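For reference, the structure is listed below as structure tokens.
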Amino acid sequence: YPPLIHCPEPVLVSVTRPSSGTESESVSEINGVMLQFFHWFLPADGSLWRQLEERSQELAEAGFTALWLPPAYKGADGANDAGYAVYDLFDLGEFDQKGSVRTKYGTKDEYLSAIRTAQESGLQVYADIVLSHRLGGDEQEEFMATPMDPMDRTMPLGEPRKIRAWTKFTFPGRAGKYSTLEWRWWHFNAVDRDENDPEFEAVYLFEGKQFQQDVDLDFGNYDYLLGCNVDIQSEDARTELLHWGKWYVETTGLDGFRFDAAKHVRPDFFLEWLEHVRANSDKELFAVGEYWKYDTDDLQRFRDKTKGQVMLFDTILHDNFVTASKDAAGFDLRTVFDGTLVQEDPTGAVTLVTNHDTQPLQTNEAVVEPWFVPLAYALILLREAGYPVVFLADYDGAEYDGEGDDGETHHIVLPSHRWLIDRFLQVRRERAYGEQRDYFEDPRCIGWVRVGDEEHPGGVAVVLSSGEAGTRRMQTGSPDTEYVDVTEHVDGTVTTDAEGWGEFRCEAGSVSVWVAA
């Protein structure tokens, strides 16, 4: 059969800003797909922004509509920092600080140029935003603080004491450009290291400070994450973050944000920050938060507190993928969406297979085994609910060395699934429309149909199995129509009967995607 051809114009993501106090009915066009354009172990060679500029048109033609980029500002480890150990939010690779001008990913000029090129190619660009902490202070300060139990931050471990910590940030390389604020200890509320007694394990709550109350309740109170914890209740800190947000959007022209560590900051501050930068922009500015928790109630509480303005990654669906991939015989595929955010709140869920935090050798490693990765992408890319994101290491493949929990260095090779993902993207863009019909009768083999519409006749039929080769009898919207498997896993054709029913097949531990020939 003739190969599928690429659509000449990519489908653009269209972000809708709901009116105050209401939830968005539609956050993205039905076929919008995000690409996470980085992984944790990328080489620190300063080339990512140049790579993005070179690949933007290719990625848009493949069917991606938006890119999620890593933190672009200077981290505590300079050119080697992935960006999450935030040092200076205003240094996008412009100033000689922490041993380099560029960041791990390139210079400010390269970053801005890459954003413009991506947008000209039809891609939206989302920035990774870290508001909760700072590391790499320029000077130490002494002040009073109370040691709190790291496992229960509501419990003191002793009386207040004088501690010494790296809490003074003067940003000497920037010398007051863009902002004259120097961060001091009173702009934070806690650290986890006292240089006077570095062996004592505690979270030190600063004198006159308290932890935020409307945060996740792990460890009694999960305001503190790492480094110098930003005190959102400090008027100076809050004003500076709002000022930086306005400056950042004006400087970069970005289209949206991924909020890091959402469980560690009051939800209402994310909402305040987002509304502030939106008020100073002519764009709607998409937003998704990273609230890494496996409880739908916790995720929905955050959604409610942010008035539906901030989507969340569907961590529960990701966890189901991990379990299904590691226990094929024991996992019931009919339950893969049970308790997930995309099931409970379809317009609020960003669906994913994996990301930089869960990839092999990361602290939160939670690997979806390679055999299940294509099945998982079919489950997020070829269904109607959720806003899917593809991980760069799944798309391109990845090879890197890193230290494991055993202290040993391991060599990791992740296979590329680009060929299949590209097929899924094209089917999503050209065929995945109309009513969705689920055929979830078998615990090891499930399927579904999108029946298509007037502009996209034929639709698509998907079958996947975690066990033996399987068949699902499903009704399409197209009677007497011949279908072929675009994955090329199954040879031959399936012809539907006069009522649109057909016997659609897949191989063992595999997925097949059937479209009208």
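Labels used: A, B, ... for chains in the order of the structure tokens, numbers from 1 for residues in each chain, and numbers from 1 for ligands as shown.
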Name the residues of stretch 56-214 of chain A that come out as alpha helix (DSSP H) in a backbone DSSP run; write them as a PyMOL selection string. chain A and resi 56-62+108-120
Write the selection just made, keeping N, CA and C atoms, as a PDB file, in the first residue's frame?
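In the end it all went to out_29.pdb:
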```
ATOM      1  N   SER A  56      13.897  22.309  14.115  1.00  0.00           N
ATOM      2  CA  SER A  56      12.539  22.804  14.337  1.00  0.00           C
ATOM      3  C   SER A  56      11.584  22.433  13.207  1.00  0.00           C
ATOM      4  N   GLN A  57      11.996  22.653  11.980  1.00  0.00           N
ATOM      5  CA  GLN A  57      11.107  22.371  10.860  1.00  0.00           C
ATOM      6  C   GLN A  57      10.809  20.878  10.761  1.00  0.00           C
ATOM      7  N   GLU A  58      11.825  20.063  10.964  1.00  0.00           N
ATOM      8  CA  GLU A  58      11.657  18.603  10.936  1.00  0.00           C
ATOM      9  C   GLU A  58      10.652  18.154  11.996  1.00  0.00           C
ATOM     10  N   LEU A  59      10.750  18.717  13.207  1.00  0.00           N
ATOM     11  CA  LEU A  59       9.861  18.317  14.291  1.00  0.00           C
ATOM     12  C   LEU A  59       8.429  18.769  14.027  1.00  0.00           C
ATOM     13  N   ALA A  60       8.270  19.957  13.467  1.00  0.00           N
ATOM     14  CA  ALA A  60       6.929  20.435  13.133  1.00  0.00           C
ATOM     15  C   ALA A  60       6.298  19.552  12.057  1.00  0.00           C
ATOM     16  N   GLU A  61       7.079  19.179  11.059  1.00  0.00           N
ATOM     17  CA  GLU A  61       6.554  18.333   9.994  1.00  0.00           C
ATOM     18  C   GLU A  61       6.218  16.937  10.499  1.00  0.00           C
ATOM     19  N   ALA A  62       6.918  16.475  11.526  1.00  0.00           N
ATOM     20  CA  ALA A  62       6.616  15.166  12.104  1.00  0.00           C
ATOM     21  C   ALA A  62       5.267  15.161  12.813  1.00  0.00           C
ATOM     22  N   LYS A 108      22.641  32.874  25.636  1.00  0.00           N
ATOM     23  CA  LYS A 108      21.362  33.579  25.565  1.00  0.00           C
ATOM     24  C   LYS A 108      20.976  33.863  24.118  1.00  0.00           C
ATOM     25  N   ASP A 109      21.915  34.338  23.309  1.00  0.00           N
ATOM     26  CA  ASP A 109      21.596  34.648  21.910  1.00  0.00           C
ATOM     27  C   ASP A 109      21.140  33.396  21.172  1.00  0.00           C
ATOM     28  N   GLU A 110      21.781  32.256  21.442  1.00  0.00           N
ATOM     29  CA  GLU A 110      21.380  31.007  20.788  1.00  0.00           C
ATOM     30  C   GLU A 110      19.991  30.571  21.249  1.00  0.00           C
ATOM     31  N   TYR A 111      19.709  30.785  22.518  1.00  0.00           N
ATOM     32  CA  TYR A 111      18.401  30.435  23.073  1.00  0.00           C
ATOM     33  C   TYR A 111      17.297  31.252  22.406  1.00  0.00           C
ATOM     34  N   LEU A 112      17.479  32.550  22.350  1.00  0.00           N
ATOM     35  CA  LEU A 112      16.452  33.414  21.758  1.00  0.00           C
ATOM     36  C   LEU A 112      16.275  33.120  20.276  1.00  0.00           C
ATOM     37  N   SER A 113      17.369  32.857  19.587  1.00  0.00           N
ATOM     38  CA  SER A 113      17.288  32.539  18.159  1.00  0.00           C
ATOM     39  C   SER A 113      16.548  31.222  17.937  1.00  0.00           C
ATOM     40  N   ALA A 114      16.816  30.231  18.791  1.00  0.00           N
ATOM     41  CA  ALA A 114      16.149  28.934  18.655  1.00  0.00           C
ATOM     42  C   ALA A 114      14.650  29.059  18.888  1.00  0.00           C
ATOM     43  N   ILE A 115      14.249  29.875  19.862  1.00  0.00           N
ATOM     44  CA  ILE A 115      12.823  30.091  20.126  1.00  0.00           C
ATOM     45  C   ILE A 115      12.152  30.698  18.905  1.00  0.00           C
ATOM     46  N   ARG A 116      12.756  31.715  18.334  1.00  0.00           N
ATOM     47  CA  ARG A 116      12.167  32.368  17.160  1.00  0.00           C
ATOM     48  C   ARG A 116      12.037  31.388  15.994  1.00  0.00           C
ATOM     49  N   THR A 117      13.078  30.602  15.770  1.00  0.00           N
ATOM     50  CA  THR A 117      13.040  29.640  14.667  1.00  0.00           C
ATOM     51  C   THR A 117      11.961  28.592  14.878  1.00  0.00           C
ATOM     52  N   ALA A 118      11.849  28.087  16.105  1.00  0.00           N
ATOM     53  CA  ALA A 118      10.823  27.087  16.412  1.00  0.00           C
ATOM     54  C   ALA A 118       9.427  27.666  16.175  1.00  0.00           C
ATOM     55  N   GLN A 119       9.200  28.887  16.633  1.00  0.00           N
ATOM     56  CA  GLN A 119       7.891  29.510  16.452  1.00  0.00           C
ATOM     57  C   GLN A 119       7.589  29.766  14.982  1.00  0.00           C
ATOM     58  N   GLU A 120       8.592  30.161  14.221  1.00  0.00           N
ATOM     59  CA  GLU A 120       8.389  30.363  12.785  1.00  0.00           C
ATOM     60  C   GLU A 120       8.073  29.055  12.079  1.00  0.00           C
TER      61      GLU A 120
END
```
Just want the 6 Å neighbourhood of A:Phe188, counted on only C-alpha atoms, with same-chain residues fewer than 6 positions away dropped. Output as a PyMOL selection string. chain A and resi 229-231
Pick from A:Ile316, A:Ile412, A:Ile129, A:Ala82: nearest to A:Leu274, with only C-alpha atoms counted? A:Ile129
Rank nothing, just name the residue among A:Arg193, A:Ala44, A:Gly227, A:Pro147 nearest to A:Val86, using only C-alpha atoms. A:Gly227
Quick one: residues within 10 Å of A:Asp197, only C-alpha atoms, excluding same-chain residues fewer than 4 positions away - as a ChimeraX atom specification? /A:163-164,193,201
Residues as selected, C-alpha atoms, written as a PDB file, in the first residue's frame, can you do that?
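This went into selection-v9.pdb:
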```
ATOM      1  CA  ILE A 163      23.853  28.398  61.832  1.00  0.00           C
ATOM      2  CA  ARG A 164      26.020  29.364  58.875  1.00  0.00           C
ATOM      3  CA  ARG A 193      22.985  22.213  55.909  1.00  0.00           C
ATOM      4  CA  GLU A 201      21.012  16.022  59.524  1.00  0.00           C
TER       5      GLU A 201
END
```
Running DSSP on the backbone, which parts of stretch 409-492 of chain A land in strand (DSSP E), as a compact mmCIF listing (two decimals) with N, CA, C and O atoms, in the first residue's frame?
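Final file, out29.txt:
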```txt
# COMPACT_ATOMS: atom_id res chain seq x y z
N THR A 409 29.26 2.96 38.14
CA THR A 409 28.92 3.63 36.89
C THR A 409 28.31 2.62 35.93
O THR A 409 28.85 1.52 35.73
N HIS A 410 27.18 2.99 35.35
CA HIS A 410 26.47 2.10 34.43
C HIS A 410 26.37 2.76 33.06
O HIS A 410 26.19 3.98 32.96
N HIS A 411 26.44 1.95 32.03
CA HIS A 411 26.27 2.43 30.67
C HIS A 411 24.84 2.12 30.23
O HIS A 411 24.43 0.95 30.24
N ILE A 412 24.09 3.13 29.87
CA ILE A 412 22.68 2.98 29.53
C ILE A 412 22.49 3.24 28.03
O ILE A 412 23.00 4.23 27.49
N VAL A 413 21.75 2.36 27.38
CA VAL A 413 21.37 2.55 25.99
C VAL A 413 19.84 2.45 25.91
O VAL A 413 19.27 1.41 26.24
N LEU A 414 19.19 3.54 25.51
CA LEU A 414 17.74 3.56 25.33
C LEU A 414 17.44 3.54 23.84
O LEU A 414 17.97 4.35 23.08
N GLN A 436 -15.12 7.93 20.04
CA GLN A 436 -14.18 6.89 20.48
C GLN A 436 -14.98 5.73 21.08
O GLN A 436 -15.80 5.92 21.97
N ARG A 437 -14.71 4.52 20.59
CA ARG A 437 -15.37 3.32 21.09
C ARG A 437 -14.32 2.40 21.68
O ARG A 437 -13.38 2.00 20.99
N ASP A 438 -14.49 2.03 22.95
CA ASP A 438 -13.52 1.19 23.63
C ASP A 438 -13.97 -0.28 23.62
O ASP A 438 -15.16 -0.58 23.83
N TYR A 439 -13.00 -1.17 23.41
CA TYR A 439 -13.23 -2.61 23.45
C TYR A 439 -12.23 -3.20 24.43
O TYR A 439 -11.19 -3.75 24.07
N CYS A 445 -5.50 -8.03 26.22
CA CYS A 445 -5.60 -7.50 24.85
C CYS A 445 -6.78 -6.54 24.78
O CYS A 445 -7.92 -6.93 25.01
N ILE A 446 -6.52 -5.29 24.49
CA ILE A 446 -7.57 -4.27 24.44
C ILE A 446 -7.50 -3.54 23.09
O ILE A 446 -6.50 -3.60 22.37
N GLY A 447 -8.58 -2.85 22.78
CA GLY A 447 -8.60 -2.07 21.55
C GLY A 447 -9.58 -0.93 21.63
O GLY A 447 -10.41 -0.86 22.55
N TRP A 448 -9.49 -0.04 20.68
CA TRP A 448 -10.46 1.05 20.58
C TRP A 448 -10.50 1.55 19.14
O TRP A 448 -9.60 1.28 18.34
N VAL A 449 -11.55 2.31 18.85
CA VAL A 449 -11.76 2.85 17.51
C VAL A 449 -12.07 4.33 17.63
O VAL A 449 -12.78 4.75 18.55
N ARG A 450 -11.51 5.12 16.75
CA ARG A 450 -12.00 6.48 16.49
C ARG A 450 -12.69 6.41 15.13
O ARG A 450 -12.06 6.03 14.13
N VAL A 460 -9.60 5.27 12.75
CA VAL A 460 -8.48 4.40 13.09
C VAL A 460 -8.95 3.36 14.09
O VAL A 460 -9.81 3.64 14.94
N ALA A 461 -8.41 2.15 13.98
CA ALA A 461 -8.67 1.07 14.93
C ALA A 461 -7.33 0.62 15.52
O ALA A 461 -6.39 0.34 14.78
N VAL A 462 -7.24 0.57 16.85
CA VAL A 462 -5.99 0.25 17.54
C VAL A 462 -6.20 -1.00 18.38
O VAL A 462 -7.19 -1.11 19.11
N VAL A 463 -5.26 -1.93 18.29
CA VAL A 463 -5.27 -3.15 19.11
C VAL A 463 -3.89 -3.32 19.72
O VAL A 463 -2.88 -3.17 19.02
N LEU A 464 -3.84 -3.62 21.02
CA LEU A 464 -2.55 -3.89 21.66
C LEU A 464 -2.69 -5.05 22.63
O LEU A 464 -3.76 -5.28 23.21
N SER A 465 -1.58 -5.77 22.78
CA SER A 465 -1.58 -6.96 23.63
C SER A 465 -0.34 -6.98 24.50
O SER A 465 0.76 -6.68 24.03
N GLY A 470 -3.28 -11.18 19.55
CA GLY A 470 -4.69 -11.04 19.88
C GLY A 470 -5.50 -10.45 18.75
O GLY A 470 -4.97 -9.88 17.78
N THR A 471 -6.82 -10.58 18.89
CA THR A 471 -7.78 -10.04 17.93
C THR A 471 -8.91 -9.38 18.69
O THR A 471 -9.39 -9.91 19.70
N ARG A 472 -9.33 -8.23 18.22
CA ARG A 472 -10.50 -7.57 18.79
C ARG A 472 -11.49 -7.30 17.66
O ARG A 472 -11.12 -6.74 16.62
N ARG A 473 -12.72 -7.73 17.88
CA ARG A 473 -13.79 -7.42 16.93
C ARG A 473 -14.35 -6.06 17.30
O ARG A 473 -14.88 -5.88 18.40
N MET A 474 -14.20 -5.11 16.40
CA MET A 474 -14.57 -3.72 16.71
C MET A 474 -15.33 -3.12 15.54
O MET A 474 -15.10 -3.47 14.37
N GLN A 475 -16.20 -2.17 15.87
CA GLN A 475 -17.03 -1.51 14.85
C GLN A 475 -16.48 -0.14 14.53
O GLN A 475 -16.40 0.73 15.39
N GLU A 482 -11.48 -1.45 3.46
CA GLU A 482 -10.26 -2.21 3.69
C GLU A 482 -9.30 -1.41 4.56
O GLU A 482 -9.04 -0.23 4.29
N TYR A 483 -8.76 -2.05 5.60
CA TYR A 483 -7.84 -1.41 6.55
C TYR A 483 -6.48 -2.10 6.48
O TYR A 483 -6.38 -3.30 6.26
N VAL A 484 -5.42 -1.30 6.71
CA VAL A 484 -4.05 -1.82 6.79
C VAL A 484 -3.41 -1.35 8.09
O VAL A 484 -3.79 -0.33 8.66
N ASP A 485 -2.42 -2.12 8.55
CA ASP A 485 -1.70 -1.80 9.79
C ASP A 485 -0.50 -0.92 9.46
O ASP A 485 0.48 -1.39 8.88
```
A:Gln212, A:Thr180, A:Ser100, A:Thr476 ranked by distance to A:Thr154, top pick (using only C-alpha atoms):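 Checking each candidate against A:Thr154, we get A:Gln212 as the closest.
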What is the atom CA of A:Phe211 to atom CA of A:Asn189 distance in Å? 7.1 Å
With only C-alpha atoms as the atoms that count, which of A:Leu254, A:Val265, A:Ala393, A:Ala398 lies nearest to A:Asp216? A:Val265
Do you know which residues are at most 10 Å from A:Asp149 counting only C-alpha atoms, after dropping those on the same chain fewer than 2 positions away, and could you put them as a PyMOL selection string? chain A and resi 146-147+151-158+201-204+219-220
The selected residues should be written to file as a PDB file, in the first residue's frame (atoms: N, CA, C and O atoms).
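Below you can see again-v3.pdb, which holds the result:
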```
ATOM      1  N   THR A 146      16.000  26.908  63.686  1.00  0.00           N
ATOM      2  CA  THR A 146      15.616  25.755  64.495  1.00  0.00           C
ATOM      3  C   THR A 146      15.738  24.487  63.663  1.00  0.00           C
ATOM      4  O   THR A 146      15.152  24.400  62.577  1.00  0.00           O
ATOM      5  N   PRO A 147      16.501  23.487  64.136  1.00  0.00           N
ATOM      6  CA  PRO A 147      16.599  22.237  63.386  1.00  0.00           C
ATOM      7  C   PRO A 147      15.296  21.450  63.478  1.00  0.00           C
ATOM      8  O   PRO A 147      14.767  21.216  64.563  1.00  0.00           O
ATOM      9  N   MET A 151      12.272  14.004  58.399  1.00  0.00           N
ATOM     10  CA  MET A 151      11.175  13.088  58.100  1.00  0.00           C
ATOM     11  C   MET A 151       9.827  13.615  58.585  1.00  0.00           C
ATOM     12  O   MET A 151       8.782  13.079  58.229  1.00  0.00           O
ATOM     13  N   ASP A 152       9.857  14.653  59.412  1.00  0.00           N
ATOM     14  CA  ASP A 152       8.632  15.309  59.883  1.00  0.00           C
ATOM     15  C   ASP A 152       8.981  16.752  60.198  1.00  0.00           C
ATOM     16  O   ASP A 152       9.411  17.082  61.310  1.00  0.00           O
ATOM     17  N   ARG A 153       8.771  17.620  59.218  1.00  0.00           N
ATOM     18  CA  ARG A 153       9.216  19.011  59.347  1.00  0.00           C
ATOM     19  C   ARG A 153       8.375  19.809  60.334  1.00  0.00           C
ATOM     20  O   ARG A 153       8.615  21.007  60.529  1.00  0.00           O
ATOM     21  N   THR A 154       7.406  19.171  60.986  1.00  0.00           N
ATOM     22  CA  THR A 154       6.648  19.854  62.039  1.00  0.00           C
ATOM     23  C   THR A 154       7.272  19.619  63.411  1.00  0.00           C
ATOM     24  O   THR A 154       6.816  20.183  64.411  1.00  0.00           O
ATOM     25  N   MET A 155       8.318  18.770  63.479  1.00  0.00           N
ATOM     26  CA  MET A 155       8.898  18.375  64.755  1.00  0.00           C
ATOM     27  C   MET A 155      10.307  18.937  64.916  1.00  0.00           C
ATOM     28  O   MET A 155      11.220  18.572  64.170  1.00  0.00           O
ATOM     29  N   PRO A 156      10.521  19.830  65.933  1.00  0.00           N
ATOM     30  CA  PRO A 156      11.871  20.362  66.191  1.00  0.00           C
ATOM     31  C   PRO A 156      12.788  19.260  66.731  1.00  0.00           C
ATOM     32  O   PRO A 156      12.347  18.353  67.446  1.00  0.00           O
ATOM     33  N   LEU A 157      14.074  19.361  66.400  1.00  0.00           N
ATOM     34  CA  LEU A 157      15.080  18.441  66.919  1.00  0.00           C
ATOM     35  C   LEU A 157      15.903  19.072  68.041  1.00  0.00           C
ATOM     36  O   LEU A 157      16.859  18.455  68.534  1.00  0.00           O
ATOM     37  N   GLY A 158      15.552  20.271  68.406  1.00  0.00           N
ATOM     38  CA  GLY A 158      16.291  20.956  69.450  1.00  0.00           C
ATOM     39  C   GLY A 158      15.919  22.423  69.492  1.00  0.00           C
ATOM     40  O   GLY A 158      14.991  22.879  68.817  1.00  0.00           O
ATOM     41  N   GLU A 201      22.055  16.071  60.540  1.00  0.00           N
ATOM     42  CA  GLU A 201      21.012  16.022  59.524  1.00  0.00           C
ATOM     43  C   GLU A 201      19.742  16.679  60.049  1.00  0.00           C
ATOM     44  O   GLU A 201      19.130  16.207  61.005  1.00  0.00           O
ATOM     45  N   ALA A 202      19.362  17.766  59.385  1.00  0.00           N
ATOM     46  CA  ALA A 202      18.164  18.496  59.787  1.00  0.00           C
ATOM     47  C   ALA A 202      17.746  19.424  58.652  1.00  0.00           C
ATOM     48  O   ALA A 202      18.528  19.723  57.745  1.00  0.00           O
ATOM     49  N   VAL A 203      16.499  19.865  58.707  1.00  0.00           N
ATOM     50  CA  VAL A 203      16.025  20.983  57.888  1.00  0.00           C
ATOM     51  C   VAL A 203      15.913  22.158  58.840  1.00  0.00           C
ATOM     52  O   VAL A 203      15.172  22.090  59.829  1.00  0.00           O
ATOM     53  N   TYR A 204      16.670  23.203  58.576  1.00  0.00           N
ATOM     54  CA  TYR A 204      16.758  24.333  59.501  1.00  0.00           C
ATOM     55  C   TYR A 204      15.745  25.411  59.122  1.00  0.00           C
ATOM     56  O   TYR A 204      15.849  26.047  58.066  1.00  0.00           O
ATOM     57  N   PHE A 219       6.090  14.281  54.626  1.00  0.00           N
ATOM     58  CA  PHE A 219       7.050  14.705  55.656  1.00  0.00           C
ATOM     59  C   PHE A 219       6.455  15.779  56.574  1.00  0.00           C
ATOM     60  O   PHE A 219       7.171  16.650  57.068  1.00  0.00           O
ATOM     61  N   GLY A 220       5.157  15.703  56.773  1.00  0.00           N
ATOM     62  CA  GLY A 220       4.487  16.660  57.646  1.00  0.00           C
ATOM     63  C   GLY A 220       4.190  17.974  56.958  1.00  0.00           C
ATOM     64  O   GLY A 220       3.105  18.541  57.113  1.00  0.00           O
TER      65      GLY A 220
END
```
For A:Gly176, please output as a JSON list (two decimals) with N, CA and C atoms, in the first residue's frame all residues within 12 Å (counting only C-alpha atoms; exclusion window: fewer than 6 positions along the same chain).
```json
[["chain", "number", "residue", "atom", "x", "y", "z"],
["A", 88, "ASP", "N", 20.90, 31.91, 39.12],
["A", 88, "ASP", "CA", 20.47, 33.25, 38.72],
["A", 88, "ASP", "C", 19.45, 33.16, 37.60],
["A", 90, "PHE", "N", 18.05, 35.48, 36.01],
["A", 90, "PHE", "CA", 18.23, 36.50, 34.97],
["A", 90, "PHE", "C", 19.41, 36.21, 34.04],
["A", 91, "ASP", "N", 20.17, 35.17, 34.31],
["A", 91, "ASP", "CA", 21.34, 34.85, 33.48],
["A", 91, "ASP", "C", 20.98, 33.69, 32.55],
["A", 95, "PHE", "N", 26.20, 36.04, 31.16],
["A", 95, "PHE", "CA", 27.19, 36.60, 32.08],
["A", 95, "PHE", "C", 28.19, 35.52, 32.52],
["A", 169, "PHE", "N", 23.29, 35.81, 47.80],
["A", 169, "PHE", "CA", 23.45, 35.75, 46.35],
["A", 169, "PHE", "C", 23.63, 37.18, 45.83],
["A", 170, "THR", "N", 24.84, 37.52, 45.40],
["A", 170, "THR", "CA", 25.13, 38.88, 44.94],
["A", 170, "THR", "C", 25.23, 38.99, 43.42],
["A", 182, "GLU", "N", 19.74, 41.68, 45.73],
["A", 182, "GLU", "CA", 20.62, 40.61, 46.18],
["A", 182, "GLU", "C", 19.86, 39.77, 47.19],
["A", 183, "TRP", "N", 19.87, 38.46, 46.97],
["A", 183, "TRP", "CA", 19.13, 37.58, 47.86],
["A", 183, "TRP", "C", 19.93, 37.36, 49.14]]
```
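Using only C-alpha atoms, the smallest distance between any of A:Ala66, A:Val249, A:Ala287, A:Ala262 and A:Gly308 comes from A:Ala287.
Picture a line from atom CA of A:Val336 to atom CA of A:Glu369; it runs 15.6 Å.
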Two-atom distance - atom CA of A:Tyr87, atom CA of A:His133 (Å):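 These two atoms are separated by 8.9 Å.
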Go through stretch 142-220 of chain A and flag each residue having an atom no more than 10 Å from stretch 288-306 of chain A; for those, report the closest pair of atoms plus their distance in Å to one decimal, using only C-alpha atoms, ordered by chain and rising number, as a tab-separated table.
```
residue	atom	partner	partner_atom	distance
A:Asp214	CA	A:Lys305	CA	9.6
A:Val215	CA	A:Phe302	CA	9.2
A:Asp216	CA	A:Asp298	CA	8.0
A:Leu217	CA	A:Asp298	CA	9.8
A:Asp218	CA	A:Lys293	CA	9.9
```
